Amino acid sequence: MSSAFDPTSEANTVGPAGAAEPRADPVAWIRDQVARRLDAARGSHAWDHTLRVLRLCERIGTVEGADPTVVRIAAYLHDIGRSVQDATNGKVCHAVKGAELAGPLLADLALPPACRDNILHCIRTHRFRGRQRPASLEARVLFDADKLDAIGAVGVARAFLFAGEVGARLHCPEKAVADTRPYGPEDTGYREYKLKLTRIRERMQTREGRRLAEERHRFMVLFFERFLDEYDGRC
Ligand SMILES: [Fe+2]
Ligand SMILES: [Fe+2]
C-alpha cells in the first residue's frame, strides 16, 4: 500500500517532467504519459482539468480513506479517451474508450492485478452519463472529484468554454432546453446547467464529495439566476 496523500507532492503540482520510470515511479510515469497525450485536447477537458480532478481526488481520498496510488493514477488517466468522444460528437463513450486505452499503459507498471483492475474500473465508471456505476471506494472518489469540477464557478466557466468549442451561442431562449441538440449551436452553457449540472449534487457518491457539492451547487444556482436576469434585461 502506498503512503498517504501529500497535498504538496510533485504529482499534485507539477506538469510533465518526462524522466519518470514506469516501475520505479508508476504515478509520475503515468502523469508524463497523459500530459503528452492531453497536450492538444480541447480546453474544457485539457490537462488543467485533469490536474484539478487530481487535487480534488487527493482531498476527498484523504477524508474517505481511499488508496492514494489507485486514485492518483485513475485521476491522471480518466479522460484519456475524451478526444475520441469529441471527434465522434459523443457517439463513442470516452469512459469506456479511456479504459481500453489505459490497459496497455498499466501493463508496464509494478502494481498488483487488483490495483490495475480497480484503476480500470475507476476510469470506466467516472462518467455522469455513463452506463456503469462506480462500485469501489476509489471509483466513487474519482466520480465525485470529476463532477465537482463540473459545478461551482469552475463548472460554469467550463460549461461556457465547452459551448464555445462546439460553436454554441451564449443562450438559446427561443427553444425549450428539452428540444435542443448537443454538439452544435444549441449546446449552450445554460443547456448543460439545466440538463446535467443541476442534477450532479444528488448523484455524489461520498460524504466529503456531497459536502463540497452543496457549496458549489448554491453558487451555481445564484449565477444562473443572475445570468437570466441580465440576459432578459431585468437588471
Ligand atoms: Fe470524463
Ligand atoms: Fe474529467
# chains A, B, ... in the order shown; residues from 1 in each chain; ligands from 1
$ residues_near_ligand --ligand "ligand 2" --cutoff "12 Å" --atoms "only C-alpha atoms and all ligand atoms" --output "PyMOL selection string"
chain A and resi 38+41-54+56-57+74-83+94-95+98+122-128+142-150+155+158
$ select_by_dssp --residues "stretch 50-229 of chain A" --states "alpha helix (DSSP H)" --output "ChimeraX atom specification"
/A:50-64,68-77,82-87,94-107,113-124,137-148,152-165,189-192,198-200,207-229
$ closest_residue --among "A:Gly164, A:Gly90, A:Pro104, A:Pro113" --to "ligand 1" --atoms "only C-alpha atoms and all ligand atoms"
A:Gly90
$ closest_residue --among "A:Arg59, A:Arg37, A:Asp25, A:Val84" --to "ligand 1" --atoms "only C-alpha atoms and all ligand atoms"
A:Val84
$ closest_residue --among "A:Val96, A:Val71, A:Ala178, A:Ala135" --to "ligand 1" --atoms "only C-alpha atoms and all ligand atoms"
A:Val96
